[in-house]
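data.pdb (PDB, C-alpha atoms (C1' of nucleotides)) appears below.
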ATOM      1  CA  MET A   1      -3.409  -8.494  -7.471
ATOM      2  CA  VAL A   2      -6.308  -6.782  -5.867
ATOM      3  CA  SER A   3      -9.757  -8.080  -6.708
ATOM      4  CA  ARG A   4     -12.707  -5.970  -7.701
ATOM      5  CA  LEU A   5     -14.481  -6.779  -4.422
ATOM      6  CA  ASP A   6     -11.389  -5.500  -2.666
ATOM      7  CA  GLN A   7     -11.363  -2.246  -4.590
ATOM      8  CA  VAL A   8     -15.048  -1.691  -3.929
ATOM      9  CA  LEU A   9     -14.857  -2.511  -0.229
ATOM     10  CA  VAL A  10     -11.841  -0.280   0.265
ATOM     11  CA  ALA A  11     -13.535   2.551  -1.639
ATOM     12  CA  VAL A  12     -16.651   2.191   0.434
ATOM     13  CA  SER A  13     -14.960   1.836   3.816
ATOM     14  CA  ASP A  14     -14.315   5.570   3.996
ATOM     15  CA  PRO A  15     -17.137   7.737   5.366
ATOM     16  CA  THR A  16     -16.360  10.672   3.070
ATOM     17  CA  ARG A  17     -16.603   8.435   0.036
ATOM     18  CA  ARG A  18     -19.865   6.919   1.263
ATOM     19  CA  ALA A  19     -21.174  10.464   1.696
ATOM     20  CA  ILE A  20     -20.208  11.243  -1.889
ATOM     21  CA  LEU A  21     -22.102   8.182  -3.080
ATOM     22  CA  GLY A  22     -25.035   9.314  -0.964
ATOM     23  CA  ARG A  23     -24.983  12.689  -2.604
ATOM     24  CA  LEU A  24     -24.807  11.136  -6.051
ATOM     25  CA  ALA A  25     -27.754   8.906  -5.223
ATOM     26  CA  GLY A  26     -29.806  12.106  -5.400
ATOM     27  CA  GLY A  27     -28.728  12.629  -8.987
ATOM     28  CA  PRO A  28     -25.631  13.527 -11.025
ATOM     29  CA  ALA A  29     -23.559  16.471  -9.880
ATOM     30  CA  ARG A  30     -20.350  18.304 -10.677
ATOM     31  CA  ILE A  31     -17.274  17.682  -8.571
ATOM     32  CA  SER A  32     -17.473  21.178  -7.101
ATOM     33  CA  ASP A  33     -21.085  20.625  -6.056
ATOM     34  CA  VAL A  34     -20.210  17.293  -4.509
ATOM     35  CA  ALA A  35     -17.277  18.896  -2.724
ATOM     36  CA  ALA A  36     -19.184  21.884  -1.350
ATOM     37  CA  PRO A  37     -20.589  20.299   1.848
ATOM     38  CA  PHE A  38     -17.211  18.976   2.964
ATOM     39  CA  ALA A  39     -14.722  20.854   5.080
ATOM     40  CA  MET A  40     -12.025  19.807   2.694
ATOM     41  CA  THR A  41     -10.206  21.235  -0.302
ATOM     42  CA  LEU A  42     -11.432  20.473  -3.790
ATOM     43  CA  THR A  43      -8.204  18.574  -4.389
ATOM     44  CA  GLY A  44      -8.995  16.309  -1.470
ATOM     45  CA  VAL A  45     -12.451  15.520  -2.825
ATOM     46  CA  CYS A  46     -10.959  14.952  -6.280
ATOM     47  CA  LYS A  47      -8.782  12.194  -4.877
ATOM     48  CA  HIS A  48     -11.752  10.511  -3.245
ATOM     49  CA  VAL A  49     -13.703  10.701  -6.488
ATOM     50  CA  ARG A  50     -10.774   9.115  -8.249
ATOM     51  CA  ILE A  51     -10.838   6.153  -5.898
ATOM     52  CA  LEU A  52     -14.582   5.751  -6.361
ATOM     53  CA  GLU A  53     -14.076   5.965 -10.110
ATOM     54  CA  ARG A  54     -11.412   3.271 -10.114
ATOM     55  CA  ALA A  55     -13.773   1.056  -8.139
ATOM     56  CA  GLY A  56     -16.379   1.636 -10.849
ATOM     57  CA  LEU A  57     -18.781   3.283  -8.425
ATOM     58  CA  VAL A  58     -18.776   6.618 -10.199
ATOM     59  CA  LYS A  59     -18.880   7.538 -13.880
ATOM     60  CA  ARG A  60     -17.521  10.828 -15.114
ATOM     61  CA  LYS A  61     -18.604  12.888 -18.122
ATOM     62  CA  ARG A  62     -16.723  15.946 -19.234
ATOM     63  CA  HIS A  63     -18.630  18.943 -20.522
ATOM     64  CA  GLY A  64     -16.144  21.661 -21.228
ATOM     65  CA  ARG A  65     -14.445  22.452 -17.976
ATOM     66  CA  GLU A  66     -17.081  20.703 -15.880
ATOM     67  CA  ASN A  67     -17.025  17.093 -14.747
ATOM     68  CA  THR A  68     -20.410  15.606 -14.181
ATOM     69  CA  LEU A  69     -20.345  12.645 -11.820
ATOM     70  CA  GLU A  70     -22.922   9.928 -11.895
ATOM     71  CA  LEU A  71     -23.492   7.098  -9.479
ATOM     72  CA  SER A  72     -22.785   3.640 -10.851
ATOM     73  CA  ALA A  73     -23.890   1.355  -8.053
ATOM     74  CA  GLU A  74     -23.553  -1.906  -9.904
ATOM     75  CA  PRO A  75     -20.223  -2.887  -8.264
ATOM     76  CA  LEU A  76     -22.001  -2.820  -4.904
ATOM     77  CA  ARG A  77     -23.709  -5.948  -6.110
ATOM     78  CA  ALA A  78     -20.473  -7.833  -5.454
ATOM     79  CA  VAL A  79     -20.548  -6.573  -1.879
ATOM     80  CA  ALA A  80     -24.174  -7.593  -1.466
ATOM     81  CA  GLN A  81     -23.323 -11.001  -2.840
ATOM     82  CA  TRP A  82     -20.366 -11.468  -0.538
ATOM     83  CA  VAL A  83     -22.349 -10.402   2.515
ATOM     84  CA  SER A  84     -25.234 -12.639   1.544
ATOM     85  CA  THR A  85     -23.032 -15.710   1.934
ATOM     86  CA  TYR A  86     -23.066 -14.929   5.673
ATOM     87  CA  GLU A  87     -26.783 -14.325   5.935
ATOM     88  CA  ARG A  88     -27.454 -17.751   7.368
ATOM     89  CA  PHE A  89     -25.183 -16.895  10.298
ATOM     90  CA  TRP A  90     -27.060 -13.896  11.521
ATOM     91  CA  ASN A  91     -30.277 -15.881  11.230
ATOM     92  CA  VAL A  92     -28.830 -18.538  13.495
ATOM     93  CA  ARG A  93     -30.896 -17.377  16.462
ATOM     94  CA  LEU A  94     -34.036 -17.591  14.409
ATOM     95  CA  ASP A  95     -32.941 -21.055  13.319
ATOM     96  CA  ARG A  96     -32.523 -22.031  16.945
ATOM     97  CA  LEU A  97     -35.931 -20.637  17.793
ATOM     98  CA  GLU A  98     -37.439 -22.646  14.985
ATOM     99  CA  GLN A  99     -35.556 -25.674  16.250
ATOM    100  CA  PHE A 100     -36.928 -25.003  19.706
ATOM    101  CA  PHE A 101     -40.498 -25.109  18.473
ATOM    102  CA  ALA A 102     -39.767 -28.022  16.224
ATOM    103  CA  ASP A 103     -38.503 -29.920  19.277
ATOM    104  CA  LYS A 104     -41.571 -28.906  21.291
ATOM    105  CA  HIS A 105     -43.937 -30.315  18.749
ATOM    106  CA  GLU A 106     -41.845 -33.244  17.883
ATOM    107  CA  VAL A 107     -43.704 -36.505  18.004
ATOM    108  CA  PRO A 108     -42.206 -38.584  20.827
ATOM    109  CA  PRO A 109     -40.694 -41.879  19.706
TER     110      PRO A 109
ATOM    111  CA  MET B   1     -16.035   9.140  16.239
ATOM    112  CA  VAL B   2     -16.046   6.125  14.018
ATOM    113  CA  SER B   3     -19.381   4.422  13.457
ATOM    114  CA  ARG B   4     -20.037   0.722  13.715
ATOM    115  CA  LEU B   5     -20.620   0.467   9.975
ATOM    116  CA  ASP B   6     -17.214   2.051   9.515
ATOM    117  CA  GLN B   7     -15.501  -0.413  11.807
ATOM    118  CA  VAL B   8     -17.153  -3.342  10.060
ATOM    119  CA  LEU B   9     -16.411  -2.106   6.534
ATOM    120  CA  VAL B  10     -12.793  -1.381   7.407
ATOM    121  CA  ALA B  11     -12.439  -4.800   9.040
ATOM    122  CA  VAL B  12     -13.930  -6.502   6.025
ATOM    123  CA  SER B  13     -12.026  -4.545   3.375
ATOM    124  CA  ASP B  14      -8.880  -6.600   3.964
ATOM    125  CA  PRO B  15      -8.626  -9.913   2.074
ATOM    126  CA  THR B  16      -6.791 -11.671   4.907
ATOM    127  CA  ARG B  17      -9.545 -10.770   7.319
ATOM    128  CA  ARG B  18     -12.236 -11.908   4.895
ATOM    129  CA  ALA B  19     -10.360 -15.187   4.564
ATOM    130  CA  ILE B  20     -10.379 -15.540   8.357
ATOM    131  CA  LEU B  21     -14.128 -14.994   8.394
ATOM    132  CA  GLY B  22     -14.432 -17.564   5.631
ATOM    133  CA  ARG B  23     -12.494 -20.074   7.672
ATOM    134  CA  LEU B  24     -14.636 -19.381  10.721
ATOM    135  CA  ALA B  25     -17.781 -19.871   8.654
ATOM    136  CA  GLY B  26     -16.791 -23.537   8.632
ATOM    137  CA  GLY B  27     -16.932 -23.658  12.407
ATOM    138  CA  PRO B  28     -15.042 -22.324  15.438
ATOM    139  CA  ALA B  29     -11.273 -22.667  15.460
ATOM    140  CA  ARG B  30      -8.241 -21.722  17.525
ATOM    141  CA  ILE B  31      -6.114 -18.778  16.480
ATOM    142  CA  SER B  32      -3.250 -21.096  15.555
ATOM    143  CA  ASP B  33      -5.515 -23.152  13.325
ATOM    144  CA  VAL B  34      -6.867 -20.036  11.664
ATOM    145  CA  ALA B  35      -3.337 -18.754  11.196
ATOM    146  CA  ALA B  36      -1.918 -21.970   9.725
ATOM    147  CA  PRO B  37      -2.859 -21.427   6.041
ATOM    148  CA  PHE B  38      -1.376 -17.930   5.924
ATOM    149  CA  ALA B  39       2.203 -17.105   5.017
ATOM    150  CA  MET B  40       2.301 -14.809   7.999
ATOM    151  CA  THR B  41       3.464 -14.889  11.580
ATOM    152  CA  LEU B  42       1.020 -15.761  14.347
ATOM    153  CA  THR B  43       1.451 -12.246  15.681
ATOM    154  CA  GLY B  44       0.271 -10.844  12.364
ATOM    155  CA  VAL B  45      -2.830 -12.991  12.380
ATOM    156  CA  CYS B  46      -3.464 -12.036  16.018
ATOM    157  CA  LYS B  47      -3.645  -8.402  15.011
ATOM    158  CA  HIS B  48      -6.146  -9.152  12.280
ATOM    159  CA  VAL B  49      -8.259 -11.160  14.693
ATOM    160  CA  ARG B  50      -8.179  -8.228  17.072
ATOM    161  CA  ILE B  51      -9.588  -5.928  14.422
ATOM    162  CA  LEU B  52     -12.324  -8.411  13.560
ATOM    163  CA  GLU B  53     -13.082  -8.742  17.262
ATOM    164  CA  ARG B  54     -13.398  -5.000  17.743
ATOM    165  CA  ALA B  55     -15.793  -4.896  14.797
ATOM    166  CA  GLY B  56     -17.851  -7.560  16.574
ATOM    167  CA  LEU B  57     -17.351 -10.062  13.757
ATOM    168  CA  VAL B  58     -15.525 -12.581  15.894
ATOM    169  CA  LYS B  59     -16.135 -13.832  19.415
ATOM    170  CA  ARG B  60     -13.328 -15.244  21.501
ATOM    171  CA  LYS B  61     -13.511 -17.848  24.256
ATOM    172  CA  ARG B  62     -10.507 -18.718  26.348
ATOM    173  CA  HIS B  63      -9.941 -22.307  27.384
ATOM    174  CA  GLY B  64      -6.689 -22.406  29.246
ATOM    175  CA  ARG B  65      -4.021 -21.260  26.870
ATOM    176  CA  GLU B  66      -6.203 -21.714  23.812
ATOM    177  CA  ASN B  67      -8.402 -19.064  22.234
ATOM    178  CA  THR B  68     -11.376 -20.432  20.389
ATOM    179  CA  LEU B  69     -12.690 -18.035  17.782
ATOM    180  CA  GLU B  70     -16.254 -18.058  16.608
ATOM    181  CA  LEU B  71     -17.858 -16.192  13.745
ATOM    182  CA  SER B  72     -20.353 -13.530  14.756
ATOM    183  CA  ALA B  73     -21.749 -12.373  11.452
ATOM    184  CA  GLU B  74     -24.504 -10.169  12.820
ATOM    185  CA  PRO B  75     -22.630  -6.875  12.249
ATOM    186  CA  LEU B  76     -22.572  -7.703   8.532
ATOM    187  CA  ARG B  77     -26.257  -6.976   8.644
ATOM    188  CA  ALA B  78     -25.410  -3.273   8.816
ATOM    189  CA  VAL B  79     -23.372  -3.662   5.637
ATOM    190  CA  ALA B  80     -26.206  -5.506   3.911
ATOM    191  CA  GLN B  81     -28.569  -2.778   4.981
ATOM    192  CA  TRP B  82     -26.320   0.002   3.734
ATOM    193  CA  VAL B  83     -25.787  -1.709   0.389
ATOM    194  CA  SER B  84     -29.496  -2.396   0.027
ATOM    195  CA  THR B  85     -30.205   1.340  -0.058
ATOM    196  CA  TYR B  86     -28.437   1.313  -3.435
ATOM    197  CA  GLU B  87     -30.201  -1.725  -4.820
ATOM    198  CA  ARG B  88     -32.605   0.344  -6.877
ATOM    199  CA  PHE B  89     -29.637   1.835  -8.749
ATOM    200  CA  TRP B  90     -28.280  -1.376 -10.110
ATOM    201  CA  ASN B  91     -31.806  -2.263 -11.179
ATOM    202  CA  VAL B  92     -32.013   0.985 -13.104
ATOM    203  CA  ARG B  93     -31.931  -0.775 -16.465
ATOM    204  CA  LEU B  94     -34.875  -2.879 -15.462
ATOM    205  CA  ASP B  95     -36.634   0.291 -14.338
ATOM    206  CA  ARG B  96     -36.031   1.829 -17.748
ATOM    207  CA  LEU B  97     -37.376  -1.251 -19.429
ATOM    208  CA  GLU B  98     -40.503  -1.013 -17.307
ATOM    209  CA  GLN B  99     -40.758   2.651 -18.161
ATOM    210  CA  PHE B 100     -40.451   1.772 -21.828
ATOM    211  CA  PHE B 101     -43.421  -0.563 -21.661
ATOM    212  CA  ALA B 102     -45.353   1.837 -19.481
ATOM    213  CA  ASP B 103     -44.876   4.509 -22.150
ATOM    214  CA  LYS B 104     -45.959   2.108 -24.863
ATOM    215  CA  HIS B 105     -49.242   1.374 -23.174
ATOM    216  CA  GLU B 106     -49.834   4.841 -21.977
ATOM    217  CA  VAL B 107     -53.229   6.211 -22.831
ATOM    218  CA  PRO B 108     -52.818   9.130 -25.220
ATOM    219  CA  PRO B 109     -54.294  12.434 -23.972
TER     220      PRO B 109
ATOM    221  C1'  DG C   1      10.479 -29.297  37.731
ATOM    222  C1'  DG C   2      11.192 -28.625  32.918
ATOM    223  C1'  DC C   3      10.164 -28.159  28.266
ATOM    224  C1'  DA C   4       6.905 -27.274  24.564
ATOM    225  C1'  DT C   5       2.622 -24.882  23.167
ATOM    226  C1'  DA C   6      -0.451 -20.854  22.600
ATOM    227  C1'  DC C   7      -0.684 -16.768  22.531
ATOM    228  C1'  DT C   8       0.357 -11.361  23.550
ATOM    229  C1'  DG C   9       2.665  -6.680  23.988
ATOM    230  C1'  DA C  10       5.999  -3.496  22.460
ATOM    231  C1'  DA C  11       8.972  -1.663  19.376
ATOM    232  C1'  DC C  12      10.064  -1.109  14.937
ATOM    233  C1'  DC C  13       9.722  -0.757   9.561
ATOM    234  C1'  DG C  14       8.307   0.583   4.916
ATOM    235  C1'  DA C  15       4.137   1.566   2.429
ATOM    236  C1'  DT C  16      -0.098   3.567   1.997
ATOM    237  C1'  DC C  17      -3.698   6.968   3.317
ATOM    238  C1'  DG C  18      -6.175  11.193   3.967
ATOM    239  C1'  DG C  19      -5.293  15.594   3.517
ATOM    240  C1'  DT C  20      -2.885  20.010   2.363
ATOM    241  C1'  DT C  21      -0.485  23.685  -0.583
ATOM    242  C1'  DC C  22       0.888  25.406  -4.829
ATOM    243  C1'  DA C  23       1.379  25.774  -9.506
ATOM    244  C1'  DC C  24      -0.758  24.690 -13.705
ATOM    245  C1'  DT C  25      -4.214  23.863 -17.711
ATOM    246  C1'  DA C  26      -8.615  24.471 -19.731
ATOM    247  C1'  DT C  27     -12.698  26.614 -20.373
ATOM    248  C1'  DC C  28     -16.423  30.101 -19.754
ATOM    249  C1'  DG C  29     -18.467  34.718 -19.656
ATOM    250  C1'  DT C  30     -17.976  39.513 -20.681
TER     251       DT C  30
ATOM    252  C1'  DA D   1      -8.215  39.750 -24.461
ATOM    253  C1'  DC D   2      -9.405  39.311 -19.537
ATOM    254  C1'  DG D   3     -10.375  37.591 -15.296
ATOM    255  C1'  DA D   4     -13.046  34.153 -12.932
ATOM    256  C1'  DT D   5     -14.270  29.219 -12.614
ATOM    257  C1'  DA D   6     -13.401  23.998 -12.729
ATOM    258  C1'  DG D   7     -10.434  20.729 -12.187
ATOM    259  C1'  DT D   8      -5.672  18.244 -12.015
ATOM    260  C1'  DG D   9      -0.708  16.842 -10.938
ATOM    261  C1'  DA D  10       3.088  16.858  -7.941
ATOM    262  C1'  DA D  11       5.213  17.287  -3.804
ATOM    263  C1'  DC D  12       4.822  17.064   0.778
ATOM    264  C1'  DC D  13       3.082  15.828   5.739
ATOM    265  C1'  DG D  14       1.697  13.206   9.825
ATOM    266  C1'  DA D  15      -0.980   9.170  10.904
ATOM    267  C1'  DT D  16      -2.286   4.708  10.224
ATOM    268  C1'  DC D  17      -1.622   0.003   8.305
ATOM    269  C1'  DG D  18       0.111  -4.531   7.478
ATOM    270  C1'  DG D  19       3.673  -6.929   8.813
ATOM    271  C1'  DT D  20       7.956  -8.336  11.308
ATOM    272  C1'  DT D  21      11.105  -9.585  15.391
ATOM    273  C1'  DC D  22      11.797 -10.441  20.026
ATOM    274  C1'  DA D  23      10.870 -10.996  24.582
ATOM    275  C1'  DG D  24       7.429 -12.341  27.899
ATOM    276  C1'  DT D  25       3.277 -14.760  30.160
ATOM    277  C1'  DA D  26       0.272 -18.459  30.919
ATOM    278  C1'  DT D  27      -0.876 -23.058  30.371
ATOM    279  C1'  DG D  28      -0.463 -28.057  29.296
ATOM    280  C1'  DC D  29       2.178 -32.365  29.292
ATOM    281  C1'  DC D  30       5.655 -35.655  30.796
TER     282       DC D  30
END

Mind turning this structure into structure tokens?
Amino acid sequence: MVSRLDQVLVAVSDPTRRAILGRLAGGPARISDVAAPFAMTLTGVCKHVRILERAGLVKRKRHGRENTLELSAEPLRAVAQWVSTYERFWNVRLDRLEQFFADKHEVPP
Amino acid sequence: MVSRLDQVLVAVSDPTRRAILGRLAGGPARISDVAAPFAMTLTGVCKHVRILERAGLVKRKRHGRENTLELSAEPLRAVAQWVSTYERFWNVRLDRLEQFFADKHEVPP
DNA sequence: GGCATACTGAACCGATCGGTTCACTATCGT
DNA sequence: ACGATAGTGAACCGATCGGTTCAGTATGCC
């Protein structure tokens, strides 16, 4: 079983897919429009979109023969949450600095 | 060329590697200790550690034949930063709610 | 010295990945 | 009805991935 966080992280760990999300952050777009800037076949982009879709990061709406893609960033929340559990570790230096000053101004016994 | 963000996201998109980071969040440990809970050979775990190391998420210190691993969460900051650029999108409902009230109290022309 | 411990490198394996080509289905515009 | 446009499914390809086995190197302990 692969968790949702897994799906999202895997989807997002590819630079092409992050670029697609970036494009969609500027507003909805058709697959062809999204694909245009890439030196890649439409089929290739389609597969990336599919992965993003399965991760819940992209919503698709069909209008006739066109597929409008829309960003759905909510699953990134899980990523933010996971990362945030490590926040205290990259603030460790700051903690030490604070400790340093705390020690300096400590009242001697 | 693969960016740092890429390296970190790829490293972190594997559940085994996230579990290793989780273990290391509880304090430094030897590779063997980290490996113990996994149904996997030591060699397998070694390879995962290597990937985490290359992403800068783990620091290694040799003491004789032992390798002490230490969490180095700072690169996760880049992930947090990247995700944060999408924060406004998962708050979109709130935005719409605000817009709704803004419209309500709008001064008619 | 001799044996156990703690890794590591290399070779290998099947599965998955990113990407392509090609053939196909719908749909749109004229 | 026609050809152009938008997208998809399937088959294929080389590369990478997660994992193994096995042999080897240090190092620690008695």

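Counting all atoms listed in the file, Val49 of chain A has the following residues at most 10 Å away, ignoring those fewer than 4 positions along the same chain: A:Ala11, A:Thr16, A:Arg17, A:Ile20, A:Leu21, A:Ile31, A:Val34, A:Ala35, A:Thr43, A:Gly44, A:Val45, A:Glu53, A:Arg54, A:Ala55, A:Leu57, A:Val58, A:Lys59, A:Arg60, A:Leu69.
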
* Asked: When the PyMOL selection byres ((chain A) within 12 of (chain C)) is applied to the file above, which residues end up in the set, as number ranges by chain?
  -> A: 10-11, 14-17, 39-48, 51, 62-67

* **Contact residues (chain A, partner chain B, 7 Å, only C-alpha atoms) as a list of chain:residue names** =>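 Going by the stated atoms only, the list reads A:Asp6, A:Leu9, A:Val10, A:Ser13, A:Ala73, A:Glu74, A:Leu76, A:Ala80, A:Val83, A:Tyr86, A:Phe89, A:Trp90.
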
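Superposing chain A on chain B by least squares over every C-alpha atom, paired in sequence order, leaves a C-alpha RMSD of 0.6 Å.
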
* Specify as a PyMOL selection string all residues of chain D found within 7 Å of chain B, counting all atoms listed in the file. => chain D and resi 19+26-27

Output as AutoDock Vina command-line options the centre and edge lengths (Å, one decimal) of the box along x, y and z of the file that holds every listed atom of segment 13-17 of chain B after adding 8 Å on each side.
--center_x -9.4 --center_y -8.1 --center_z 4.7 --size_x 21.2 --size_y 23.1 --size_z 21.2

* Asked: In Å to one decimal, how far is atom CA of Glu70 of chain B from atom CA of Gly26 of chain B?
  ->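 Spanning atom CA of Gly26 of chain B to atom CA of Glu70 of chain B is a straight-line distance of 9.7 Å.
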
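Counting from atom CA of Thr68 of chain B, the distance to atom CA of Pro28 of chain B is 6.4 Å.
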
* Separation of atom CA of Asp33 of chain A from atom C1' of DG3 of chain D, in Å and rounded to one decimal -> 22.1 Å

Starting from the incomplete input, reconstruct N, CA and C atoms of segment 5-30 of chain B and report them as a short mmCIF file (atom, residue, chain, number, x, y, z; two decimals), in the coordinates of the input.
data_model
loop_
_atom_site.label_atom_id
_atom_site.label_comp_id
_atom_site.auth_asym_id
_atom_site.auth_seq_id
_atom_site.Cartn_x
_atom_site.Cartn_y
_atom_site.Cartn_z
N LEU B 5 -20.70 0.82 11.39
CA LEU B 5 -20.62 0.47 9.98
C LEU B 5 -19.20 0.67 9.46
N ASP B 6 -18.60 1.77 9.88
CA ASP B 6 -17.21 2.05 9.52
C ASP B 6 -16.28 0.94 9.97
N GLN B 7 -16.36 0.63 11.24
CA GLN B 7 -15.50 -0.41 11.81
C GLN B 7 -15.65 -1.72 11.03
N VAL B 8 -16.89 -2.08 10.74
CA VAL B 8 -17.15 -3.34 10.06
C VAL B 8 -16.62 -3.30 8.63
N LEU B 9 -16.88 -2.21 7.92
CA LEU B 9 -16.41 -2.11 6.53
C LEU B 9 -14.89 -2.11 6.47
N VAL B 10 -14.26 -1.40 7.38
CA VAL B 10 -12.79 -1.38 7.41
C VAL B 10 -12.27 -2.80 7.70
N ALA B 11 -12.87 -3.45 8.68
CA ALA B 11 -12.44 -4.80 9.04
C ALA B 11 -12.53 -5.73 7.83
N VAL B 12 -13.58 -5.57 7.08
CA VAL B 12 -13.93 -6.50 6.02
C VAL B 12 -13.25 -6.15 4.68
N SER B 13 -12.63 -4.99 4.63
CA SER B 13 -12.03 -4.54 3.38
C SER B 13 -10.63 -5.13 3.18
N ASP B 14 -10.18 -5.94 4.11
CA ASP B 14 -8.88 -6.60 3.96
C ASP B 14 -9.08 -8.08 3.60
N PRO B 15 -8.41 -8.55 2.54
CA PRO B 15 -8.63 -9.91 2.07
C PRO B 15 -8.24 -10.97 3.10
N THR B 16 -7.18 -10.72 3.87
CA THR B 16 -6.79 -11.67 4.91
C THR B 16 -7.92 -11.83 5.93
N ARG B 17 -8.48 -10.71 6.31
CA ARG B 17 -9.54 -10.77 7.32
C ARG B 17 -10.79 -11.44 6.76
N ARG B 18 -11.09 -11.20 5.49
CA ARG B 18 -12.24 -11.91 4.89
C ARG B 18 -11.96 -13.40 4.86
N ALA B 19 -10.71 -13.77 4.58
CA ALA B 19 -10.36 -15.19 4.56
C ALA B 19 -10.54 -15.80 5.95
N ILE B 20 -10.20 -15.04 6.99
CA ILE B 20 -10.38 -15.54 8.36
C ILE B 20 -11.86 -15.78 8.63
N LEU B 21 -12.68 -14.82 8.22
CA LEU B 21 -14.13 -14.99 8.39
C LEU B 21 -14.60 -16.23 7.64
N GLY B 22 -14.06 -16.41 6.44
CA GLY B 22 -14.43 -17.56 5.63
C GLY B 22 -14.09 -18.86 6.34
N ARG B 23 -12.91 -18.88 6.92
CA ARG B 23 -12.49 -20.07 7.67
C ARG B 23 -13.44 -20.34 8.83
N LEU B 24 -13.78 -19.27 9.54
CA LEU B 24 -14.64 -19.38 10.72
C LEU B 24 -16.08 -19.75 10.36
N ALA B 25 -16.44 -19.49 9.11
CA ALA B 25 -17.78 -19.87 8.65
C ALA B 25 -17.93 -21.39 8.66
N GLY B 26 -16.79 -22.08 8.60
CA GLY B 26 -16.79 -23.54 8.63
C GLY B 26 -16.81 -24.10 10.04
N GLY B 27 -16.91 -23.23 11.02
CA GLY B 27 -16.93 -23.66 12.41
C GLY B 27 -15.85 -22.98 13.21
N PRO B 28 -16.01 -22.98 14.56
CA PRO B 28 -15.04 -22.32 15.44
C PRO B 28 -13.66 -22.95 15.28
N ALA B 29 -12.64 -22.18 15.58
CA ALA B 29 -11.27 -22.67 15.46
C ALA B 29 -10.36 -21.86 16.37
N ARG B 30 -9.22 -22.44 16.72
CA ARG B 30 -8.24 -21.72 17.52
C ARG B 30 -7.49 -20.75 16.63
#
